[in-house]
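Here is the file input-v9.cif (mmCIF, N, CA and C atoms and all ligand atoms).
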data_start
#
loop_
_atom_site.label_atom_id
_atom_site.label_comp_id
_atom_site.auth_asym_id
_atom_site.auth_seq_id
_atom_site.Cartn_x
_atom_site.Cartn_y
_atom_site.Cartn_z
N MET A 1 -16.70 100.34 -21.48
CA MET A 1 -16.63 99.65 -20.19
C MET A 1 -16.18 100.61 -19.10
N LYS A 2 -17.01 100.75 -18.09
CA LYS A 2 -16.67 101.66 -17.00
C LYS A 2 -15.69 101.01 -16.04
N GLU A 3 -14.74 101.81 -15.61
CA GLU A 3 -13.73 101.29 -14.70
C GLU A 3 -14.17 101.48 -13.25
N VAL A 4 -13.91 100.47 -12.46
CA VAL A 4 -14.14 100.60 -11.03
C VAL A 4 -12.80 100.36 -10.37
N LYS A 5 -12.46 101.22 -9.44
CA LYS A 5 -11.18 101.06 -8.77
C LYS A 5 -11.26 99.90 -7.78
N ILE A 6 -10.46 98.88 -8.03
CA ILE A 6 -10.41 97.76 -7.08
C ILE A 6 -9.12 97.93 -6.29
N ASP A 7 -9.19 98.76 -5.25
CA ASP A 7 -7.96 99.08 -4.54
C ASP A 7 -7.80 98.35 -3.21
N ASN A 8 -8.68 97.40 -2.96
CA ASN A 8 -8.43 96.54 -1.80
C ASN A 8 -9.07 95.17 -2.00
N LEU A 9 -8.62 94.23 -1.18
CA LEU A 9 -9.05 92.84 -1.34
C LEU A 9 -10.53 92.65 -1.06
N VAL A 10 -11.08 93.47 -0.16
CA VAL A 10 -12.51 93.33 0.15
C VAL A 10 -13.35 93.57 -1.11
N LYS A 11 -13.01 94.62 -1.84
CA LYS A 11 -13.73 94.90 -3.09
C LYS A 11 -13.56 93.75 -4.07
N PHE A 12 -12.35 93.30 -4.19
CA PHE A 12 -12.07 92.18 -5.09
C PHE A 12 -12.94 90.99 -4.70
N TYR A 13 -12.98 90.71 -3.42
CA TYR A 13 -13.73 89.55 -2.97
C TYR A 13 -15.23 89.71 -3.16
N VAL A 14 -15.73 90.90 -2.97
CA VAL A 14 -17.17 91.16 -3.20
C VAL A 14 -17.52 90.80 -4.64
N LEU A 15 -16.69 91.23 -5.57
CA LEU A 15 -16.96 90.96 -6.98
C LEU A 15 -16.91 89.47 -7.31
N ILE A 16 -15.88 88.80 -6.79
CA ILE A 16 -15.73 87.37 -7.05
C ILE A 16 -16.90 86.60 -6.45
N SER A 17 -17.28 87.02 -5.27
CA SER A 17 -18.36 86.36 -4.56
C SER A 17 -19.69 86.52 -5.31
N LEU A 18 -19.95 87.72 -5.78
CA LEU A 18 -21.18 87.95 -6.54
C LEU A 18 -21.15 87.26 -7.90
N TYR A 19 -19.96 87.06 -8.38
CA TYR A 19 -19.82 86.38 -9.67
C TYR A 19 -20.27 84.93 -9.55
N SER A 20 -20.01 84.31 -8.40
CA SER A 20 -20.43 82.93 -8.23
C SER A 20 -21.93 82.81 -8.00
N LYS A 21 -22.51 83.75 -7.24
CA LYS A 21 -23.98 83.77 -7.11
C LYS A 21 -24.47 85.05 -6.44
N PRO A 22 -25.76 85.39 -6.63
CA PRO A 22 -26.30 86.59 -5.98
C PRO A 22 -26.30 86.41 -4.46
N ARG A 23 -26.09 87.49 -3.73
CA ARG A 23 -26.03 87.38 -2.28
C ARG A 23 -26.60 88.61 -1.58
N HIS A 24 -27.00 88.39 -0.32
CA HIS A 24 -27.36 89.50 0.56
C HIS A 24 -26.08 90.20 0.98
N GLY A 25 -26.21 91.46 1.36
CA GLY A 25 -25.05 92.20 1.87
C GLY A 25 -24.43 91.52 3.08
N TYR A 26 -25.26 91.06 4.00
CA TYR A 26 -24.69 90.44 5.20
C TYR A 26 -24.01 89.12 4.90
N GLU A 27 -24.49 88.45 3.85
CA GLU A 27 -23.83 87.20 3.43
C GLU A 27 -22.41 87.49 2.94
N LEU A 28 -22.31 88.59 2.21
CA LEU A 28 -20.99 89.00 1.70
C LEU A 28 -20.04 89.27 2.86
N ILE A 29 -20.55 89.99 3.84
CA ILE A 29 -19.73 90.33 5.00
C ILE A 29 -19.27 89.07 5.73
N LYS A 30 -20.22 88.15 5.90
CA LYS A 30 -19.93 86.90 6.59
C LYS A 30 -18.90 86.08 5.82
N GLU A 31 -19.11 86.01 4.52
CA GLU A 31 -18.21 85.20 3.71
C GLU A 31 -16.79 85.75 3.68
N ILE A 32 -16.70 87.05 3.59
CA ILE A 32 -15.37 87.66 3.58
C ILE A 32 -14.66 87.37 4.89
N ARG A 33 -15.42 87.42 5.97
CA ARG A 33 -14.83 87.13 7.27
C ARG A 33 -14.34 85.69 7.32
N GLU A 34 -15.17 84.76 6.82
CA GLU A 34 -14.81 83.34 6.89
C GLU A 34 -13.66 82.99 5.95
N LYS A 35 -13.74 83.45 4.71
CA LYS A 35 -12.78 83.01 3.72
C LYS A 35 -11.47 83.80 3.76
N MET A 36 -11.56 85.06 4.13
CA MET A 36 -10.35 85.86 4.14
C MET A 36 -9.79 86.06 5.53
N GLY A 37 -10.55 85.64 6.52
CA GLY A 37 -10.13 85.85 7.90
C GLY A 37 -10.01 87.34 8.19
N LYS A 38 -10.85 88.11 7.51
CA LYS A 38 -10.74 89.55 7.61
C LYS A 38 -12.09 90.13 7.96
N LYS A 39 -12.08 91.09 8.84
CA LYS A 39 -13.34 91.71 9.19
C LYS A 39 -13.70 92.76 8.16
N ALA A 40 -14.83 92.54 7.51
CA ALA A 40 -15.30 93.53 6.56
C ALA A 40 -16.47 94.26 7.20
N SER A 41 -16.39 95.55 7.27
CA SER A 41 -17.48 96.30 7.90
C SER A 41 -18.51 96.67 6.85
N PRO A 42 -19.77 96.82 7.30
CA PRO A 42 -20.81 97.25 6.36
C PRO A 42 -20.41 98.55 5.66
N GLY A 43 -19.63 99.37 6.36
CA GLY A 43 -19.17 100.63 5.79
C GLY A 43 -18.22 100.45 4.61
N GLN A 44 -17.66 99.25 4.50
CA GLN A 44 -16.81 98.97 3.34
C GLN A 44 -17.63 98.38 2.20
N ILE A 45 -18.60 97.56 2.58
CA ILE A 45 -19.34 96.79 1.59
C ILE A 45 -20.43 97.61 0.90
N TYR A 46 -21.29 98.25 1.71
CA TYR A 46 -22.47 98.87 1.11
C TYR A 46 -22.19 100.06 0.18
N PRO A 47 -21.27 100.94 0.56
CA PRO A 47 -20.96 102.02 -0.40
C PRO A 47 -20.39 101.49 -1.70
N PHE A 48 -19.62 100.41 -1.61
CA PHE A 48 -19.05 99.81 -2.81
C PHE A 48 -20.16 99.21 -3.68
N LEU A 49 -21.09 98.50 -3.04
CA LEU A 49 -22.22 97.93 -3.78
C LEU A 49 -23.05 99.04 -4.43
N LYS A 50 -23.19 100.12 -3.70
CA LYS A 50 -23.96 101.25 -4.21
C LYS A 50 -23.30 101.85 -5.46
N SER A 51 -21.98 101.97 -5.40
CA SER A 51 -21.28 102.53 -6.56
C SER A 51 -21.35 101.58 -7.75
N LEU A 52 -21.35 100.28 -7.47
CA LEU A 52 -21.49 99.30 -8.56
C LEU A 52 -22.88 99.38 -9.19
N ARG A 53 -23.84 99.64 -8.34
CA ARG A 53 -25.23 99.76 -8.82
C ARG A 53 -25.40 100.97 -9.70
N LYS A 54 -24.75 102.04 -9.28
CA LYS A 54 -24.86 103.31 -9.98
C LYS A 54 -24.39 103.19 -11.43
N ILE A 55 -23.35 102.41 -11.65
CA ILE A 55 -22.84 102.28 -13.02
C ILE A 55 -23.42 101.06 -13.73
N GLY A 56 -24.34 100.38 -13.05
CA GLY A 56 -25.07 99.31 -13.72
C GLY A 56 -24.40 97.95 -13.70
N TYR A 57 -23.44 97.75 -12.81
CA TYR A 57 -22.78 96.44 -12.73
C TYR A 57 -23.50 95.51 -11.77
N VAL A 58 -24.27 96.10 -10.88
CA VAL A 58 -24.99 95.30 -9.89
C VAL A 58 -26.46 95.69 -9.90
N GLY A 59 -27.31 94.69 -9.79
CA GLY A 59 -28.74 94.95 -9.66
C GLY A 59 -29.21 94.40 -8.33
N ILE A 60 -30.36 94.84 -7.86
CA ILE A 60 -30.87 94.26 -6.62
C ILE A 60 -32.29 93.77 -6.78
N ARG A 61 -32.58 92.79 -5.96
CA ARG A 61 -33.91 92.24 -5.92
C ARG A 61 -34.29 92.28 -4.44
N THR A 62 -35.46 92.75 -4.15
CA THR A 62 -35.88 92.79 -2.76
C THR A 62 -36.80 91.62 -2.48
N VAL A 63 -36.44 90.85 -1.47
CA VAL A 63 -37.28 89.69 -1.14
C VAL A 63 -37.98 89.91 0.19
N GLU A 64 -39.15 89.38 0.25
CA GLU A 64 -39.95 89.38 1.47
C GLU A 64 -40.32 90.80 1.91
N ALA A 65 -41.11 90.81 2.94
CA ALA A 65 -41.58 92.10 3.44
C ALA A 65 -40.49 92.82 4.22
N ARG A 66 -39.50 92.02 4.66
CA ARG A 66 -38.46 92.62 5.49
C ARG A 66 -37.43 93.41 4.66
N GLU A 67 -37.69 93.38 3.37
CA GLU A 67 -36.84 94.16 2.47
C GLU A 67 -35.37 93.82 2.51
N LYS A 68 -35.12 92.53 2.51
CA LYS A 68 -33.73 92.13 2.38
C LYS A 68 -33.34 92.24 0.92
N LYS A 69 -32.24 92.87 0.69
CA LYS A 69 -31.81 93.05 -0.69
C LYS A 69 -30.84 91.97 -1.11
N VAL A 70 -31.11 91.41 -2.29
CA VAL A 70 -30.17 90.45 -2.85
C VAL A 70 -29.44 91.14 -4.00
N TYR A 71 -28.14 91.14 -3.90
CA TYR A 71 -27.33 91.78 -4.94
C TYR A 71 -26.89 90.74 -5.96
N ARG A 72 -26.97 91.14 -7.22
CA ARG A 72 -26.50 90.23 -8.26
C ARG A 72 -25.76 91.04 -9.32
N LEU A 73 -24.86 90.39 -9.99
CA LEU A 73 -24.13 91.07 -11.06
C LEU A 73 -25.00 91.11 -12.31
N THR A 74 -24.99 92.22 -13.00
CA THR A 74 -25.66 92.32 -14.29
C THR A 74 -24.70 91.77 -15.34
N ASN A 75 -25.13 91.67 -16.57
CA ASN A 75 -24.22 91.17 -17.61
C ASN A 75 -22.97 92.03 -17.78
N PRO A 76 -23.12 93.37 -17.84
CA PRO A 76 -21.90 94.19 -17.91
C PRO A 76 -21.02 93.99 -16.67
N GLY A 77 -21.66 93.77 -15.51
CA GLY A 77 -20.91 93.52 -14.29
C GLY A 77 -20.10 92.25 -14.38
N LYS A 78 -20.72 91.20 -14.93
CA LYS A 78 -20.01 89.92 -15.09
C LYS A 78 -18.83 90.07 -16.04
N LYS A 79 -19.07 90.84 -17.10
CA LYS A 79 -18.01 91.07 -18.07
C LYS A 79 -16.83 91.77 -17.40
N PHE A 80 -17.15 92.75 -16.57
CA PHE A 80 -16.12 93.49 -15.86
C PHE A 80 -15.31 92.56 -14.95
N VAL A 81 -16.00 91.67 -14.25
CA VAL A 81 -15.30 90.75 -13.35
C VAL A 81 -14.37 89.83 -14.14
N ARG A 82 -14.82 89.40 -15.32
CA ARG A 82 -13.94 88.55 -16.14
C ARG A 82 -12.67 89.29 -16.54
N ILE A 83 -12.83 90.58 -16.84
CA ILE A 83 -11.65 91.38 -17.20
C ILE A 83 -10.69 91.49 -16.01
N ILE A 84 -11.28 91.75 -14.83
CA ILE A 84 -10.47 91.83 -13.61
C ILE A 84 -9.72 90.52 -13.37
N LEU A 85 -10.43 89.40 -13.56
CA LEU A 85 -9.82 88.10 -13.32
C LEU A 85 -8.68 87.84 -14.30
N ASN A 86 -8.89 88.23 -15.56
CA ASN A 86 -7.83 88.07 -16.55
C ASN A 86 -6.60 88.86 -16.16
N ARG A 87 -6.83 90.09 -15.73
CA ARG A 87 -5.73 90.95 -15.33
C ARG A 87 -4.98 90.32 -14.16
N PHE A 88 -5.76 89.84 -13.22
CA PHE A 88 -5.18 89.22 -12.04
C PHE A 88 -4.38 87.98 -12.45
N GLY A 89 -4.93 87.22 -13.40
CA GLY A 89 -4.25 86.04 -13.91
C GLY A 89 -2.90 86.39 -14.53
N SER A 90 -2.85 87.48 -15.29
CA SER A 90 -1.59 87.86 -15.90
C SER A 90 -0.57 88.27 -14.85
N LEU A 91 -1.06 88.93 -13.79
CA LEU A 91 -0.17 89.30 -12.70
C LEU A 91 0.45 88.07 -12.05
N LEU A 92 -0.40 87.07 -11.83
CA LEU A 92 0.10 85.83 -11.23
C LEU A 92 1.14 85.18 -12.12
N GLU A 93 0.88 85.23 -13.41
CA GLU A 93 1.81 84.63 -14.36
C GLU A 93 3.18 85.30 -14.27
N ILE A 94 3.15 86.63 -14.19
CA ILE A 94 4.40 87.38 -14.08
C ILE A 94 5.15 86.99 -12.81
N ALA A 95 4.38 86.79 -11.73
CA ALA A 95 4.99 86.44 -10.45
C ALA A 95 5.57 85.03 -10.47
N VAL A 96 4.92 84.15 -11.22
CA VAL A 96 5.31 82.73 -11.17
C VAL A 96 6.39 82.39 -12.20
N LYS A 97 6.40 83.09 -13.32
CA LYS A 97 7.27 82.74 -14.44
C LYS A 97 8.76 82.57 -14.08
N PRO A 98 9.34 83.50 -13.30
CA PRO A 98 10.77 83.35 -13.01
C PRO A 98 11.09 82.07 -12.26
N GLN A 99 10.07 81.47 -11.64
CA GLN A 99 10.30 80.26 -10.87
C GLN A 99 10.15 78.99 -11.70
N LEU A 100 9.82 79.15 -12.96
CA LEU A 100 9.59 77.98 -13.79
C LEU A 100 10.90 77.45 -14.36
N SER A 101 11.00 76.14 -14.39
CA SER A 101 12.09 75.50 -15.12
C SER A 101 11.48 74.81 -16.33
N ILE A 102 12.34 74.52 -17.28
CA ILE A 102 11.86 73.83 -18.47
C ILE A 102 12.42 72.42 -18.46
N CYS A 103 11.55 71.47 -18.69
CA CYS A 103 12.00 70.07 -18.74
C CYS A 103 12.97 69.90 -19.91
N ALA A 104 14.16 69.33 -19.61
CA ALA A 104 15.21 69.22 -20.63
C ALA A 104 14.83 68.23 -21.73
N HIS A 105 13.85 67.40 -21.46
CA HIS A 105 13.45 66.43 -22.47
C HIS A 105 12.24 66.89 -23.29
N CYS A 106 11.11 67.11 -22.64
CA CYS A 106 9.89 67.40 -23.40
C CYS A 106 9.60 68.89 -23.55
N GLY A 107 10.28 69.71 -22.74
CA GLY A 107 10.12 71.16 -22.91
C GLY A 107 8.94 71.76 -22.16
N CYS A 108 8.26 70.98 -21.35
CA CYS A 108 7.13 71.55 -20.62
C CYS A 108 7.63 72.35 -19.42
N SER A 109 6.79 73.21 -18.88
CA SER A 109 7.17 74.05 -17.74
C SER A 109 7.02 73.27 -16.44
N VAL A 110 8.00 73.41 -15.60
CA VAL A 110 7.95 72.73 -14.30
C VAL A 110 7.92 73.80 -13.23
N TYR A 111 6.84 73.81 -12.44
CA TYR A 111 6.73 74.86 -11.43
C TYR A 111 7.50 74.51 -10.17
N ARG A 112 7.15 73.44 -9.53
CA ARG A 112 7.80 73.09 -8.28
C ARG A 112 8.24 71.64 -8.35
N GLY A 113 9.31 71.32 -7.69
CA GLY A 113 9.73 69.93 -7.65
C GLY A 113 10.31 69.51 -8.98
N GLY A 114 9.62 68.68 -9.70
CA GLY A 114 10.19 68.13 -10.91
C GLY A 114 11.22 67.08 -10.53
N HIS A 115 12.02 66.70 -11.48
CA HIS A 115 13.01 65.67 -11.21
C HIS A 115 14.37 66.19 -11.66
N LYS A 116 15.32 66.23 -10.73
CA LYS A 116 16.64 66.75 -11.09
C LYS A 116 17.63 65.60 -11.19
N GLU A 117 18.48 65.69 -12.21
CA GLU A 117 19.47 64.64 -12.37
C GLU A 117 20.76 65.23 -12.91
N LEU A 118 21.86 64.68 -12.48
CA LEU A 118 23.16 65.12 -12.96
C LEU A 118 23.55 64.25 -14.15
N ILE A 119 23.55 64.85 -15.32
CA ILE A 119 23.90 64.10 -16.52
C ILE A 119 25.08 64.76 -17.21
N LYS A 120 26.12 63.99 -17.40
CA LYS A 120 27.37 64.49 -18.02
C LYS A 120 27.83 65.81 -17.37
N GLY A 121 27.81 65.81 -16.04
CA GLY A 121 28.28 66.99 -15.31
C GLY A 121 27.33 68.17 -15.30
N LYS A 122 26.15 67.98 -15.86
CA LYS A 122 25.19 69.09 -15.88
C LYS A 122 23.99 68.75 -15.02
N ASN A 123 23.55 69.73 -14.22
CA ASN A 123 22.33 69.56 -13.45
C ASN A 123 21.13 69.86 -14.32
N LEU A 124 20.40 68.84 -14.67
CA LEU A 124 19.25 69.05 -15.54
C LEU A 124 17.95 68.86 -14.79
N VAL A 125 16.94 69.60 -15.24
CA VAL A 125 15.61 69.48 -14.64
C VAL A 125 14.67 68.80 -15.62
N PHE A 126 13.95 67.85 -15.11
CA PHE A 126 12.94 67.15 -15.92
C PHE A 126 11.59 67.25 -15.22
N CYS A 127 10.53 67.10 -16.00
CA CYS A 127 9.21 67.17 -15.36
C CYS A 127 8.93 65.87 -14.59
N CYS A 128 9.53 64.77 -15.06
CA CYS A 128 9.26 63.49 -14.40
C CYS A 128 10.42 62.53 -14.64
N VAL A 129 10.37 61.42 -13.96
CA VAL A 129 11.46 60.44 -14.05
C VAL A 129 11.58 59.86 -15.47
N SER A 130 10.42 59.60 -16.10
CA SER A 130 10.52 58.97 -17.42
C SER A 130 11.13 59.91 -18.45
N CYS A 131 10.91 61.21 -18.31
CA CYS A 131 11.57 62.15 -19.21
C CYS A 131 13.09 62.09 -19.02
N ALA A 132 13.51 61.96 -17.76
CA ALA A 132 14.95 61.87 -17.48
C ALA A 132 15.54 60.61 -18.07
N LYS A 133 14.80 59.51 -18.02
CA LYS A 133 15.25 58.23 -18.55
C LYS A 133 15.42 58.31 -20.06
N GLU A 134 14.46 58.98 -20.70
CA GLU A 134 14.47 59.02 -22.16
C GLU A 134 15.45 60.06 -22.72
N TYR A 135 15.99 60.86 -21.83
CA TYR A 135 16.86 61.94 -22.31
C TYR A 135 18.13 61.40 -22.95
ZN ZN A 201 9.23 66.23 -19.53
#
Could you rewrite the structure in this file as structure tokens?
Amino acid sequence: MKEVKIDNLVKFYVLISLYSKPRHGYELIKEIREKMGKKASPGQIYPFLKSLRKIGYVGIRTVEAREKKVYRLTNPGKKFVRIILNRFGSLLEIAVKPQLSICAHCGCSVYRGGHKELIKGKNLVFCCVSCAKEY
């Protein structure tokens, strides 16, 4: 598996965007602007697409006489994006884990809120009111 350096969000977004469906270069630029509120210049997008093509992660199809190129991920490209997403998922987990509480009754993880109750002088966290009742 060839490594591609994903050192900025624009690259990350290009990959995610192509993973959902094939797109024109200008569509990618437009979407990044809309969804990320960030201006992506063709100078950021096209060289990156070119490098992805070079290693076989992206293929192109030319439509119409105007030669608009549609970029799509190849199977190895899709595999690579799944790896990136997994990695990103683990990072999120690391970031979120310290904020988790454990329900004193059922043991499930509680991210935000939950139900807090003072029982026998102890502040306990529950995932819901019924867990607190049954405790
Ligand atoms: Zn519970």
If we count only N, CA and C atoms and set the cut-off at 6.5 Å, which residues sit around stretch 3-20 of chain A, ignoring sequence neighbours fewer than 3 positions away in its own chain? Please answer as a count of residues only. 6
For atom N of A:Pro47 and atom N of A:Ser90, quote the distance in Å rounded to one decimal.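 Separation between atom N of A:Pro47 and atom N of A:Ser90: 27.8 Å.
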Which one is closest to A:Val125: A:Val58, A:Ile102, A:Met1, A:Ala40? Count only N, CA and C atoms. A:Ile102
Can you list every residue of chain A that has an atom at most 8 Å from ligand ZN 201 (chain A), with its nearest atom pair and the distance in Å to one decimal, using all atoms listed in the file, ordered by chain then number, as JSON lines?
{"residue": "A:Ile102", "atom": "C", "partner": "A:ZN201", "partner_atom": "ZN", "distance": 7.0}
{"residue": "A:Cys103", "atom": "CA", "partner": "A:ZN201", "partner_atom": "ZN", "distance": 4.8}
{"residue": "A:Ala104", "atom": "N", "partner": "A:ZN201", "partner_atom": "ZN", "distance": 5.8}
{"residue": "A:His105", "atom": "C", "partner": "A:ZN201", "partner_atom": "ZN", "distance": 4.9}
{"residue": "A:Cys106", "atom": "N", "partner": "A:ZN201", "partner_atom": "ZN", "distance": 3.7}
{"residue": "A:Gly107", "atom": "N", "partner": "A:ZN201", "partner_atom": "ZN", "distance": 4.8}
{"residue": "A:Cys108", "atom": "N", "partner": "A:ZN201", "partner_atom": "ZN", "distance": 5.2}
{"residue": "A:Ser109", "atom": "N", "partner": "A:ZN201", "partner_atom": "ZN", "distance": 7.4}
{"residue": "A:Val125", "atom": "C", "partner": "A:ZN201", "partner_atom": "ZN", "distance": 7.2}
{"residue": "A:Phe126", "atom": "C", "partner": "A:ZN201", "partner_atom": "ZN", "distance": 5.0}
{"residue": "A:Cys127", "atom": "N", "partner": "A:ZN201", "partner_atom": "ZN", "distance": 3.9}
{"residue": "A:Cys128", "atom": "N", "partner": "A:ZN201", "partner_atom": "ZN", "distance": 4.7}
{"residue": "A:Val129", "atom": "N", "partner": "A:ZN201", "partner_atom": "ZN", "distance": 7.4}
{"residue": "A:Ser130", "atom": "C", "partner": "A:ZN201", "partner_atom": "ZN", "distance": 6.7}
{"residue": "A:Cys131", "atom": "CA", "partner": "A:ZN201", "partner_atom": "ZN", "distance": 4.7}
{"residue": "A:Ala132", "atom": "N", "partner": "A:ZN201", "partner_atom": "ZN", "distance": 6.3}
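In this structure, atom C of A:Ser41 sits 8.7 Å away from atom C of A:Gly25.
Between atom C of A:Arg61 and atom N of A:Asn86 the interatomic distance comes to 28.0 Å.
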Just stretch 103-112 of chain A from the block, all heavy atoms, as a PDB file, in the first residue's frame, could you?
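File result.pdb, as written:
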ATOM      1  N   CYS A 103     -21.458   4.613  33.300  1.00  0.00           N
ATOM      2  CA  CYS A 103     -22.709   4.520  34.064  1.00  0.00           C
ATOM      3  C   CYS A 103     -22.499   3.568  35.249  1.00  0.00           C
ATOM      4  O   CYS A 103     -22.040   2.439  35.064  1.00  0.00           O
ATOM      5  CB  CYS A 103     -23.832   4.012  33.162  1.00  0.00           C
ATOM      6  SG  CYS A 103     -25.359   3.659  34.051  1.00  0.00           S
ATOM      7  N   ALA A 104     -22.832   4.052  36.464  1.00  0.00           N
ATOM      8  CA  ALA A 104     -22.578   3.266  37.673  1.00  0.00           C
ATOM      9  C   ALA A 104     -23.458   2.017  37.743  1.00  0.00           C
ATOM     10  O   ALA A 104     -23.159   1.081  38.473  1.00  0.00           O
ATOM     11  CB  ALA A 104     -22.808   4.134  38.913  1.00  0.00           C
ATOM     12  N   HIS A 105     -24.508   2.002  36.963  1.00  0.00           N
ATOM     13  CA  HIS A 105     -25.386   0.837  36.990  1.00  0.00           C
ATOM     14  C   HIS A 105     -25.078  -0.167  35.877  1.00  0.00           C
ATOM     15  O   HIS A 105     -24.718  -1.302  36.138  1.00  0.00           O
ATOM     16  CB  HIS A 105     -26.855   1.270  36.911  1.00  0.00           C
ATOM     17  CG  HIS A 105     -27.793   0.111  36.933  1.00  0.00           C
ATOM     18  ND1 HIS A 105     -27.935  -0.692  38.033  1.00  0.00           N
ATOM     19  CD2 HIS A 105     -28.627  -0.377  35.988  1.00  0.00           C
ATOM     20  CE1 HIS A 105     -28.816  -1.640  37.758  1.00  0.00           C
ATOM     21  NE2 HIS A 105     -29.243  -1.473  36.522  1.00  0.00           N
ATOM     22  N   CYS A 106     -25.201   0.251  34.627  1.00  0.00           N
ATOM     23  CA  CYS A 106     -25.072  -0.719  33.534  1.00  0.00           C
ATOM     24  C   CYS A 106     -23.669  -0.774  32.931  1.00  0.00           C
ATOM     25  O   CYS A 106     -23.331  -1.678  32.184  1.00  0.00           O
ATOM     26  CB  CYS A 106     -26.114  -0.451  32.450  1.00  0.00           C
ATOM     27  SG  CYS A 106     -25.768   1.013  31.471  1.00  0.00           S
ATOM     28  N   GLY A 107     -22.845   0.230  33.236  1.00  0.00           N
ATOM     29  CA  GLY A 107     -21.455   0.177  32.768  1.00  0.00           C
ATOM     30  C   GLY A 107     -21.230   0.719  31.367  1.00  0.00           C
ATOM     31  O   GLY A 107     -20.128   0.630  30.843  1.00  0.00           O
ATOM     32  N   CYS A 108     -22.252   1.283  30.756  1.00  0.00           N
ATOM     33  CA  CYS A 108     -22.042   1.813  29.409  1.00  0.00           C
ATOM     34  C   CYS A 108     -21.335   3.170  29.482  1.00  0.00           C
ATOM     35  O   CYS A 108     -21.296   3.809  30.526  1.00  0.00           O
ATOM     36  CB  CYS A 108     -23.360   1.912  28.640  1.00  0.00           C
ATOM     37  SG  CYS A 108     -24.427   3.235  29.187  1.00  0.00           S
ATOM     38  N   SER A 109     -20.754   3.595  28.375  1.00  0.00           N
ATOM     39  CA  SER A 109     -20.032   4.863  28.331  1.00  0.00           C
ATOM     40  C   SER A 109     -21.002   6.022  28.138  1.00  0.00           C
ATOM     41  O   SER A 109     -21.909   5.951  27.330  1.00  0.00           O
ATOM     42  CB  SER A 109     -19.030   4.868  27.176  1.00  0.00           C
ATOM     43  OG  SER A 109     -18.121   3.816  27.330  1.00  0.00           O
ATOM     44  N   VAL A 110     -20.772   7.067  28.885  1.00  0.00           N
ATOM     45  CA  VAL A 110     -21.625   8.250  28.765  1.00  0.00           C
ATOM     46  C   VAL A 110     -20.749   9.391  28.287  1.00  0.00           C
ATOM     47  O   VAL A 110     -19.762   9.737  28.926  1.00  0.00           O
ATOM     48  CB  VAL A 110     -22.247   8.616  30.131  1.00  0.00           C
ATOM     49  CG1 VAL A 110     -23.165   9.824  29.982  1.00  0.00           C
ATOM     50  CG2 VAL A 110     -22.990   7.434  30.721  1.00  0.00           C
ATOM     51  N   TYR A 111     -21.079   9.934  27.118  1.00  0.00           N
ATOM     52  CA  TYR A 111     -20.233  10.995  26.580  1.00  0.00           C
ATOM     53  C   TYR A 111     -20.592  12.350  27.164  1.00  0.00           C
ATOM     54  O   TYR A 111     -19.809  12.996  27.799  1.00  0.00           O
ATOM     55  CB  TYR A 111     -20.306  11.027  25.053  1.00  0.00           C
ATOM     56  CG  TYR A 111     -19.564  12.194  24.463  1.00  0.00           C
ATOM     57  CD1 TYR A 111     -18.225  12.426  24.794  1.00  0.00           C
ATOM     58  CD2 TYR A 111     -20.186  13.085  23.595  1.00  0.00           C
ATOM     59  CE1 TYR A 111     -17.538  13.503  24.280  1.00  0.00           C
ATOM     60  CE2 TYR A 111     -19.501  14.153  23.071  1.00  0.00           C
ATOM     61  CZ  TYR A 111     -18.184  14.366  23.410  1.00  0.00           C
ATOM     62  OH  TYR A 111     -17.503  15.436  22.894  1.00  0.00           O
ATOM     63  N   ARG A 112     -21.794  12.798  26.967  1.00  0.00           N
ATOM     64  CA  ARG A 112     -22.169  14.114  27.447  1.00  0.00           C
ATOM     65  C   ARG A 112     -23.467  13.994  28.225  1.00  0.00           C
ATOM     66  O   ARG A 112     -24.295  13.164  27.915  1.00  0.00           O
ATOM     67  CB  ARG A 112     -22.392  15.027  26.246  1.00  0.00           C
ATOM     68  CG  ARG A 112     -21.779  16.378  26.441  1.00  0.00           C
ATOM     69  CD  ARG A 112     -22.002  17.201  25.230  1.00  0.00           C
ATOM     70  NE  ARG A 112     -20.750  17.548  24.588  1.00  0.00           N
ATOM     71  CZ  ARG A 112     -20.685  18.101  23.389  1.00  0.00           C
ATOM     72  NH1 ARG A 112     -21.768  18.296  22.686  1.00  0.00           N
ATOM     73  NH2 ARG A 112     -19.534  18.435  22.879  1.00  0.00           N
TER      74      ARG A 112
END
